[in-house]
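K.L.:
You'll find entry02.csv just under this line, and it carries CSV, C-alpha atoms and all ligand atoms.
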```csv
chain,number,residue,atom,x,y,z
V,52,TYR,CA,71.4,73.8,139.6
V,53,TYR,CA,74.4,75.0,137.7
V,54,TYR,CA,74.2,76.6,134.3
V,55,TYR,CA,77.1,77.4,132.0
V,56,ASN,CA,77.2,80.8,130.4
V,57,LYS,CA,77.6,80.9,126.6
V,58,GLU,CA,81.4,81.4,126.8
V,59,GLN,CA,82.0,78.5,129.1
V,60,PHE,CA,79.7,76.3,127.0
V,61,THR,CA,81.5,77.1,123.8
V,62,GLN,CA,84.9,76.4,125.5
V,63,LEU,CA,83.6,73.0,126.7
V,64,VAL,CA,82.0,71.7,123.4
V,65,LYS,CA,84.5,73.2,120.9
V,66,PRO,CA,87.0,70.6,119.6
V,67,LYS,CA,90.4,71.7,120.8
V,68,LEU,CA,92.6,73.1,118.1
V,69,ASP,CA,96.4,73.3,118.8
V,70,TYR,CA,97.1,76.8,117.7
V,71,GLN,CA,100.7,76.5,118.8
V,72,ALA,CA,101.0,73.7,116.3
V,73,VAL,CA,99.4,75.7,113.6
V,74,ARG,CA,101.8,78.6,114.4
V,75,GLY,CA,104.7,76.2,113.9
V,76,ASP,CA,103.4,74.9,110.6
V,77,ILE,CA,102.9,78.4,109.3
V,78,ALA,CA,106.5,79.3,110.4
V,79,ASN,CA,107.7,76.3,108.5
V,80,ILE,CA,106.3,77.4,105.1
V,81,LEU,CA,107.6,81.0,105.2
V,82,GLU,CA,110.7,80.2,103.2
V,83,GLN,CA,109.7,79.5,99.6
V,84,GLN,CA,112.5,79.2,97.1
V,85,GLY,CA,112.1,81.6,94.2
V,86,TRP,CA,109.4,83.7,95.7
V,87,ASP,CA,110.0,87.5,95.1
V,88,GLY,CA,113.7,87.2,94.8
V,89,TYR,CA,114.1,86.8,98.6
V,90,ASN,CA,112.5,83.4,99.1
V,91,HIS,CA,110.1,84.6,101.8
V,92,ILE,CA,106.3,84.8,101.8
V,93,GLY,CA,106.0,86.7,105.1
V,94,PRO,CA,105.2,90.1,103.4
V,95,VAL,CA,102.4,88.7,101.1
V,96,LEU,CA,100.9,86.9,104.1
V,97,VAL,CA,100.8,90.2,106.0
V,98,ARG,CA,99.1,91.9,103.1
V,99,LEU,CA,96.5,89.1,103.0
V,100,GLY,CA,95.7,89.6,106.7
V,101,TRP,CA,95.5,93.4,106.1
V,102,HIS,CA,93.3,93.2,103.0
V,103,ALA,CA,91.0,90.7,104.6
V,104,SER,CA,90.5,93.1,107.5
V,105,GLY,CA,90.7,96.5,105.9
V,106,THR,CA,87.3,96.3,104.2
V,107,TYR,CA,85.5,96.9,107.5
V,108,ASN,CA,82.9,99.6,107.8
V,109,LYS,CA,82.2,100.6,111.3
V,110,ALA,CA,78.9,102.3,110.4
V,111,ASP,CA,77.1,99.2,109.2
V,112,LYS,CA,79.5,96.5,110.6
V,113,THR,CA,80.1,95.0,107.1
V,114,GLY,CA,83.5,93.7,105.8
V,115,GLY,CA,86.4,92.8,108.0
V,116,SER,CA,88.4,89.6,108.6
V,117,ASP,CA,85.4,87.5,109.9
V,118,GLY,CA,84.1,85.5,107.0
V,119,ALA,CA,87.2,85.2,104.9
V,120,THR,CA,85.1,86.5,102.0
V,121,MET,CA,88.2,87.0,99.8
V,122,ARG,CA,87.9,83.3,99.0
V,123,PHE,CA,85.1,84.3,96.6
V,124,SER,CA,85.8,85.6,93.2
V,125,LYS,CA,84.0,88.9,93.6
V,126,GLU,CA,86.3,90.1,96.3
V,127,GLN,CA,89.4,88.3,94.9
V,128,ASN,CA,88.8,90.2,91.7
V,129,ASP,CA,88.9,93.6,93.4
V,130,PRO,CA,92.0,95.1,91.7
V,131,ALA,CA,93.3,96.0,95.1
V,132,ASN,CA,93.6,92.3,95.9
V,133,ALA,CA,95.7,91.3,92.8
V,134,GLY,CA,98.3,88.7,93.8
V,135,LEU,CA,96.7,87.6,97.0
V,136,GLN,CA,95.5,84.4,95.5
V,137,HIS,CA,99.1,83.3,95.8
V,138,ALA,CA,99.0,84.0,99.6
V,139,GLN,CA,95.8,82.0,99.9
V,140,LYS,CA,97.3,79.1,98.0
V,141,PHE,CA,100.5,79.0,100.1
V,142,LEU,CA,98.3,78.4,103.2
V,143,GLU,CA,96.4,75.4,101.8
V,144,PRO,CA,98.8,72.7,103.2
V,145,VAL,CA,98.4,74.2,106.7
V,146,LYS,CA,94.6,74.2,106.3
V,147,ALA,CA,94.7,70.6,105.0
V,148,LYS,CA,96.7,69.6,108.1
V,149,HIS,CA,94.5,71.5,110.5
V,150,PRO,CA,91.0,71.4,108.9
V,151,GLY,CA,89.4,72.6,112.1
V,152,ILE,CA,90.7,76.1,111.7
V,153,SER,CA,88.6,78.5,109.6
V,154,TYR,CA,90.2,80.3,106.7
V,155,ALA,CA,89.3,83.6,108.4
V,156,ASP,CA,91.3,82.6,111.5
V,157,LEU,CA,94.1,81.1,109.4
V,158,TRP,CA,94.7,84.2,107.4
V,159,VAL,CA,94.9,86.4,110.5
V,160,LEU,CA,97.1,83.9,112.4
V,161,ALA,CA,99.4,83.6,109.4
V,162,SER,CA,99.9,87.4,109.3
V,163,TYR,CA,100.8,87.4,113.0
V,164,VAL,CA,103.2,84.5,112.6
V,165,ALA,CA,104.9,86.2,109.6
V,166,ILE,CA,105.3,89.5,111.6
V,167,GLU,CA,106.8,87.6,114.5
V,168,GLU,CA,109.1,85.4,112.5
V,169,MET,CA,110.4,88.5,110.6
V,170,GLY,CA,111.5,90.0,113.9
V,171,GLY,CA,108.4,92.0,114.7
V,172,PRO,CA,106.3,92.0,117.8
V,173,LYS,CA,104.4,88.9,119.0
V,174,ILE,CA,100.7,89.4,118.7
V,175,ASP,CA,98.3,87.4,120.9
V,176,PHE,CA,95.9,85.5,118.7
V,177,THR,CA,92.2,85.3,119.5
V,178,PRO,CA,90.4,82.6,117.4
V,179,GLY,CA,86.8,82.3,116.6
V,180,ARG,CA,86.3,83.8,113.1
V,181,LYS,CA,83.9,81.9,110.9
V,182,ASP,CA,83.9,81.3,107.1
V,183,ALA,CA,81.0,82.9,105.3
V,184,PRO,CA,79.1,80.5,103.2
V,185,SER,CA,78.8,82.5,100.0
V,186,GLU,CA,79.8,85.4,97.9
V,187,ALA,CA,76.6,87.2,99.1
V,188,SER,CA,78.6,88.1,102.3
V,189,CYS,CA,81.4,89.9,100.4
V,190,PRO,CA,81.7,93.6,101.1
V,191,PRO,CA,81.6,95.9,98.1
V,192,ASN,CA,84.8,96.2,96.2
V,193,GLY,CA,86.8,99.5,96.3
V,194,ARG,CA,87.0,99.9,100.1
V,195,LEU,CA,90.8,99.5,100.4
V,196,PRO,CA,93.0,102.6,100.1
V,197,ASP,CA,94.2,104.0,96.8
V,198,ALA,CA,98.0,104.5,96.7
V,199,SER,CA,97.8,107.5,94.3
V,200,LYS,CA,95.7,109.6,96.7
V,201,GLY,CA,96.4,112.0,99.6
V,202,SER,CA,95.9,112.2,103.3
V,203,SER,CA,92.2,113.1,103.2
V,204,HIS,CA,91.5,109.8,101.3
V,205,ILE,CA,93.8,107.8,103.8
V,206,ARG,CA,91.9,109.3,106.7
V,207,GLU,CA,88.5,108.6,105.1
V,208,VAL,CA,89.3,105.0,104.6
V,209,PHE,CA,90.9,104.3,108.0
V,210,TYR,CA,88.3,106.4,109.9
V,211,ARG,CA,85.6,104.3,108.2
V,212,MET,CA,87.2,101.3,109.9
V,213,GLY,CA,87.3,103.1,113.2
V,214,LEU,CA,91.1,103.6,113.3
V,215,ASN,CA,92.8,106.9,114.3
V,216,ASP,CA,95.9,108.8,113.1
V,217,ARG,CA,98.4,107.0,115.4
V,218,GLU,CA,97.0,103.6,114.3
V,219,ILE,CA,97.2,104.7,110.6
V,220,VAL,CA,100.9,105.7,110.9
V,221,ALA,CA,101.9,102.6,112.9
V,222,LEU,CA,100.1,100.3,110.4
V,223,ILE,CA,101.4,101.8,107.2
V,224,GLY,CA,105.0,102.1,108.6
V,225,GLY,CA,104.9,98.4,109.7
V,226,GLY,CA,103.2,97.1,106.6
V,227,HIS,CA,105.5,99.0,104.2
V,228,GLY,CA,108.6,98.2,106.2
V,229,ILE,CA,108.4,94.7,104.6
V,230,GLY,CA,107.8,93.4,101.1
V,231,LYS,CA,107.6,95.2,97.9
V,232,CYS,CA,105.4,96.4,95.0
V,233,HIS,CA,104.9,94.3,91.9
V,234,THR,CA,104.2,95.7,88.4
V,235,ASP,CA,101.9,92.7,87.6
V,236,ARG,CA,99.8,93.3,90.8
V,237,SER,CA,99.5,97.0,91.7
V,238,GLY,CA,101.5,98.4,88.8
V,239,TYR,CA,104.0,99.9,91.2
V,240,ASP,CA,107.5,98.6,91.5
V,241,GLY,CA,110.1,97.9,94.2
V,242,PRO,CA,110.6,97.7,98.0
V,243,TRP,CA,110.5,100.5,100.6
V,244,THR,CA,113.6,99.3,102.5
V,245,ASN,CA,116.7,97.3,101.9
V,246,ALA,CA,115.5,94.7,104.5
V,247,PRO,CA,112.2,93.6,103.1
V,248,THR,CA,111.9,90.4,105.1
V,249,THR,CA,112.8,92.0,108.4
V,250,PHE,CA,110.2,93.8,110.5
V,251,THR,CA,111.9,97.1,111.6
V,252,ASN,CA,111.2,100.8,111.8
V,253,LEU,CA,113.4,101.4,108.8
V,254,TYR,CA,110.4,102.7,106.8
V,255,PHE,CA,110.4,105.9,108.9
V,256,LYS,CA,114.2,106.3,108.6
V,257,GLU,CA,114.0,106.0,104.8
V,258,LEU,CA,111.0,108.3,104.6
V,259,PHE,CA,112.7,111.2,106.4
V,260,ASP,CA,116.4,110.6,105.7
V,261,LYS,CA,116.3,110.2,101.9
V,262,THR,CA,115.4,112.6,99.1
V,263,TRP,CA,112.4,111.3,97.2
V,264,THR,CA,112.1,112.2,93.5
V,265,GLN,CA,109.6,111.3,90.9
V,266,LYS,CA,110.6,108.1,89.1
V,267,LYS,CA,110.8,108.5,85.3
V,268,TRP,CA,109.1,105.5,83.8
V,269,ASN,CA,105.9,104.4,82.0
V,270,GLY,CA,104.2,103.2,85.2
V,271,PRO,CA,102.1,105.1,87.7
V,272,LEU,CA,103.6,108.0,89.7
V,273,GLN,CA,105.9,106.8,92.4
V,274,TYR,CA,109.0,108.1,94.0
V,275,GLU,CA,112.6,106.8,94.2
V,276,ASP,CA,115.7,107.5,96.3
V,277,ASN,CA,119.1,108.4,95.0
V,278,THR,CA,120.1,104.7,94.7
V,279,LYS,CA,117.0,104.2,92.5
V,280,LYS,CA,116.5,100.9,94.5
V,281,LEU,CA,113.9,102.0,97.0
V,282,MET,CA,110.5,103.4,96.4
V,283,MET,CA,107.6,105.4,98.1
V,284,LEU,CA,104.0,105.5,96.9
V,285,PRO,CA,102.3,108.9,96.7
V,286,ALA,CA,100.3,107.8,99.8
V,287,ASP,CA,103.6,107.0,101.7
V,288,LEU,CA,104.8,110.6,101.2
V,289,GLU,CA,101.6,111.8,102.9
V,290,ILE,CA,102.9,110.2,106.1
V,291,ARG,CA,105.9,112.7,105.8
V,292,ASN,CA,104.0,115.7,104.5
V,293,ASP,CA,100.8,115.7,106.6
V,294,PRO,CA,101.7,117.6,109.9
V,295,GLU,CA,99.8,115.3,112.2
V,296,PHE,CA,101.1,112.1,110.5
V,297,LYS,CA,104.6,113.5,110.4
V,298,LYS,CA,104.7,114.1,114.2
V,299,ILE,CA,103.8,110.5,114.9
V,300,ALA,CA,106.1,109.1,112.2
V,301,LEU,CA,109.1,111.1,113.6
V,302,GLU,CA,108.3,109.6,117.0
V,303,TYR,CA,108.4,106.1,115.6
V,304,LYS,CA,111.6,106.8,113.7
V,305,GLU,CA,113.3,107.6,117.0
V,306,ASN,CA,111.6,105.1,119.2
V,307,LYS,CA,111.5,101.6,117.9
V,308,ASP,CA,110.0,100.2,121.1
V,309,ALA,CA,107.0,102.6,121.0
V,310,PHE,CA,106.5,101.7,117.3
V,311,PHE,CA,106.6,98.0,117.9
V,312,LYS,CA,104.1,98.3,120.8
V,313,ASP,CA,101.7,100.6,118.9
V,314,PHE,CA,101.9,98.5,115.7
V,315,ALA,CA,101.1,95.3,117.6
V,316,SER,CA,98.0,96.7,119.2
V,317,ALA,CA,96.9,98.5,116.0
V,318,PHE,CA,97.3,95.4,113.9
V,319,LYS,CA,95.4,93.3,116.5
V,320,LYS,CA,92.6,95.8,116.4
V,321,LEU,CA,92.6,95.9,112.6
V,322,THR,CA,92.4,92.2,112.3
V,323,GLU,CA,89.6,92.0,114.9
V,324,LEU,CA,87.3,94.6,113.4
V,325,GLY,CA,83.8,93.3,113.3
V,326,PHE,CA,84.7,90.1,115.0
V,327,LYS,CA,83.1,89.0,118.2
V,328,GLN,CA,84.5,85.8,119.7
V,329,PHE,CA,81.2,84.6,121.1
V,401,LIG,ZN1,100.2,98.2,101.6
V,401,LIG,N1,100.5,98.2,99.6
V,401,LIG,N2,99.0,99.9,101.5
V,401,LIG,N3,99.8,98.1,103.6
V,401,LIG,N4,101.3,96.5,101.7
V,401,LIG,C1,101.3,97.4,98.9
V,401,LIG,C2,102.1,96.3,99.4
V,401,LIG,C3,102.0,96.0,100.7
V,401,LIG,C4,98.8,100.6,100.3
V,401,LIG,C5,99.0,100.2,99.0
V,401,LIG,O1,98.4,100.8,98.0
V,401,LIG,C6,99.9,99.1,98.7
V,401,LIG,C7,99.0,99.0,104.3
V,401,LIG,C8,98.5,100.2,103.9
V,401,LIG,C9,98.5,100.6,102.5
V,401,LIG,C10,101.5,95.8,102.9
V,401,LIG,C11,100.9,96.0,104.1
V,401,LIG,C12,100.1,97.1,104.4
V,401,LIG,C13,101.2,97.7,97.5
V,401,LIG,C14,101.9,96.9,96.4
V,401,LIG,C15,100.4,98.8,97.4
V,401,LIG,C16,100.1,99.5,96.1
V,401,LIG,C17,101.2,95.6,96.1
V,401,LIG,C18,101.9,94.8,95.1
V,401,LIG,O2,102.1,95.3,94.0
V,401,LIG,O3,102.3,93.6,95.4
V,401,LIG,C19,98.1,101.9,100.7
V,401,LIG,C20,97.6,103.0,99.7
V,401,LIG,C21,97.9,101.8,102.1
V,401,LIG,C22,97.4,102.8,103.0
V,401,LIG,C23,97.2,104.1,102.7
V,401,LIG,C24,98.9,98.5,105.7
V,401,LIG,C25,98.1,99.2,106.8
V,401,LIG,C26,99.5,97.3,105.7
V,401,LIG,C27,99.7,96.3,106.8
V,401,LIG,C28,99.7,96.6,108.1
V,401,LIG,C29,102.5,94.8,102.6
V,401,LIG,C30,103.1,93.8,103.6
V,401,LIG,C31,102.8,94.9,101.3
V,401,LIG,C32,103.9,94.1,100.5
V,401,LIG,C33,103.3,92.8,99.9
V,401,LIG,C34,104.3,92.0,99.2
V,401,LIG,O4,103.8,91.1,98.5
V,401,LIG,O5,105.5,92.1,99.3
```
Can the structure from this file be put into structure tokens for me?

P.N.:
Amino acid sequence: YYYYNKEQFTQLVKPKLDYQAVRGDIANILEQQGWDGYNHIGPVLVRLGWHASGTYNKADKTGGSDGATMRFSKEQNDPANAGLQHAQKFLEPVKAKHPGISYADLWVLASYVAIEEMGGPKIDFTPGRKDAPSEASCPPNGRLPDASKGSSHIREVFYRMGLNDREIVALIGGGHGIGKCHTDRSGYDGPWTNAPTTFTNLYFKELFDKTWTQKKWNGPLQYEDNTKKLMMLPADLEIRNDPEFKKIALEYKENKDAFFKDFASAFKKLTELGFKQF
């Protein structure tokens, strides 16, 4: 008699989904005329993958990308998630074409495709996340980091997920090397680099090579460079000012390959927190 183990059984009965085709269809929608002045939704898709995952709490295994609980208004209405309804909507045509993929998998896959298409590392995708049935599965609001706070807050939030200092620096440097802040979403304004739709290690170069001064405006405290075009959040400057973060950030500034490699594994880990394939 032969028995299948659970993994083999799942592989046999699961309807086959062509993830390569889904990847291609996500790549095809990245350019959106009029979006953010640079016609590219890659950055907001990466933010969606990050915010879906960054609610994880290692201690009680709640939150995380499995479940796609940001579909429900409670989590969507967490002020930290302002603007991410647009990212969700952009992916609807892909979901309609491939109804077999869960939203939870789609959001994570979309963030991987966006990173790769913007010139970043390729991240191998492991499917199997399921969509939670109701708002009851949402983690409490307020678990994502606060940009106005310092290194102890950053460590508290990322250590809660089970991530370490190297992973923190790689993730923030990659995430904020693309995209920008919006006054109608977070209240902050502007991009971190002059190449917001290209995945690079420029964030670290800007952080150390520029002089960052307080922006004089009515909005929340943020910093600007001498061109007044680029910005840093108070939390970003902690990556330069905290001695341990600084050491790692300087390494990534000088060694792009090490940064890409570490970012890819940290982002995969982040987006798989709390997710067991079988
Ligand atoms: Zn962000 N992030 N982030 N981030 N982030 C913003 C935008 C983007 C913090 C934060 O407060 C903010 C990570 C970590 C941290 C991205 C990716 C990643 C914005 C602006 C804020 C305020 C939102 C807006 O107005 O649209 C803080 C405090 C963080 C840690 C301490 C990590 C980790 C990320 C991924 C790996 C991305 C891609 C954006 C740009 C979004 C866009 O629409 O352009």

K.L.:
Go through V:Lys267, V:Arg180, V:Arg217, V:His91 and flag the residue nearest Ala317 (chain V), using all atoms listed in the file for the distances.

P.N.:
V:Arg217

K.L.:
What residues have any atom no more than 8 Å from ligand LIG 401 (chain V) when counting all atoms listed in the file, and can you list them as an MDAnalysis selection string?

P.N.:
chainID V and resid 87 92:98 100:102 105 131 133:134 195:200 205 219 221:240 242 247 284 286:287 318

K.L.:
Just checking: using all atoms listed in the file, which residue out of V:Thr251, V:Pro144, V:Glu289, V:Leu272 ends up closest to Lys304 (chain V)?

P.N.:
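Checking each of V:Thr251, V:Pro144, V:Glu289, V:Leu272 against Lys304 (chain V), counting all atoms listed in the file, the winner is V:Thr251.
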
K.L.:
Tell me which protein, DNA and RNA residues are within 9 Å of region 305-309 of chain V, counting all atoms listed in the file, leaving out same-chain ones fewer than 6 positions away, and put them as a count of residues only.

P.N.:
4

K.L.:
Using all atoms listed in the file, which residues sit within 12 Å of Glu218 (chain V) once same-chain residues fewer than 2 positions away are excluded, as a VMD selection string?

P.N.:
chain V and resid 205 to 206 209 to 210 212 to 216 220 to 226 296 299 to 300 303 310 to 321

K.L.:
Looking at V:Lys140, V:Ala155, V:Pro285, V:Asp182, which one is nearest to Ile80 (chain V), with distances taken over all atoms listed in the file?

P.N.:
V:Lys140

K.L.:
With distances taken over only C-alpha atoms, which of V:Glu207, V:Asp260, V:Glu186, V:Glu302 is nearest to Glu126 (chain V)?

P.N.:
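Closest to Glu126 (chain V), using only C-alpha atoms: V:Glu186.
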
K.L.:
Env of Pro190 (chain V): 7 Å cut, atoms = all atoms listed in the file, seq-sep filter 6 positions within chain, self excluded. Answer as a VMD selection string.

P.N.:
chain V and resid 106 113 to 114

K.L.:
Kindly export the residues of the current selection with C-alpha atoms, as a PDB file, keeping the file's coordinate frame.

P.N.:
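Saved the output as part17.pdb:
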```pdb
ATOM      1  CA  THR V 106      87.300  96.300 104.200  1.00  0.00           C
ATOM      2  CA  THR V 113      80.100  95.000 107.100  1.00  0.00           C
ATOM      3  CA  GLY V 114      83.500  93.700 105.800  1.00  0.00           C
TER       4      GLY V 114
END
```

K.L.:
Can you tell me which residues surround Leu142 (chain V) at a distance of at most 9 Å, considering all atoms listed in the file, apart from same-chain residues fewer than 5 positions away, and format the answer as a PyMOL selection string?

P.N.:
chain V and resi 77+80+96+137+147+157-158+161

K.L.:
Identify which of the residues V:Gly179, V:Arg122, V:Pro191, V:Gln83 lies closest to Phe141 (chain V), counting all atoms listed in the file when measuring atom-to-atom distances.

P.N.:
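The shortest atom-to-atom distance to Phe141 (chain V) comes from V:Gln83.
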
K.L.:
Excluding Lys327 (chain V) and residues on its chain fewer than 4 positions from it, collect all residues at most 12 Å away from it, counting all atoms listed in the file, and give them as number ranges by chain.

P.N.:
V: 58, 112, 115-118, 177-181, 320, 322-323

K.L.:
Between CA of Leu160 (chain V) and CA of Phe176 (chain V), what is the distance, to one decimal in Å?

P.N.:
6.6 Å

K.L.:
Can you work out the spacing between CA of Gly88 (chain V) and CA of Ser104 (chain V) in Å, to one decimal?

P.N.:
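Those two atoms sit 27.1 Å apart.
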
K.L.:
If I take CA of Asp129 (chain V) and CA of Gly151 (chain V), how far is one from the other in Å, to one decimal?

P.N.:
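So the answer is 28.1 Å.
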
K.L.:
Looking at V:Ala165, V:Thr249, V:Met282, V:Ser185, which one is nearest to Thr264 (chain V), with distances taken over only C-alpha atoms?

P.N.:
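Nearest to Thr264 (chain V): V:Met282.
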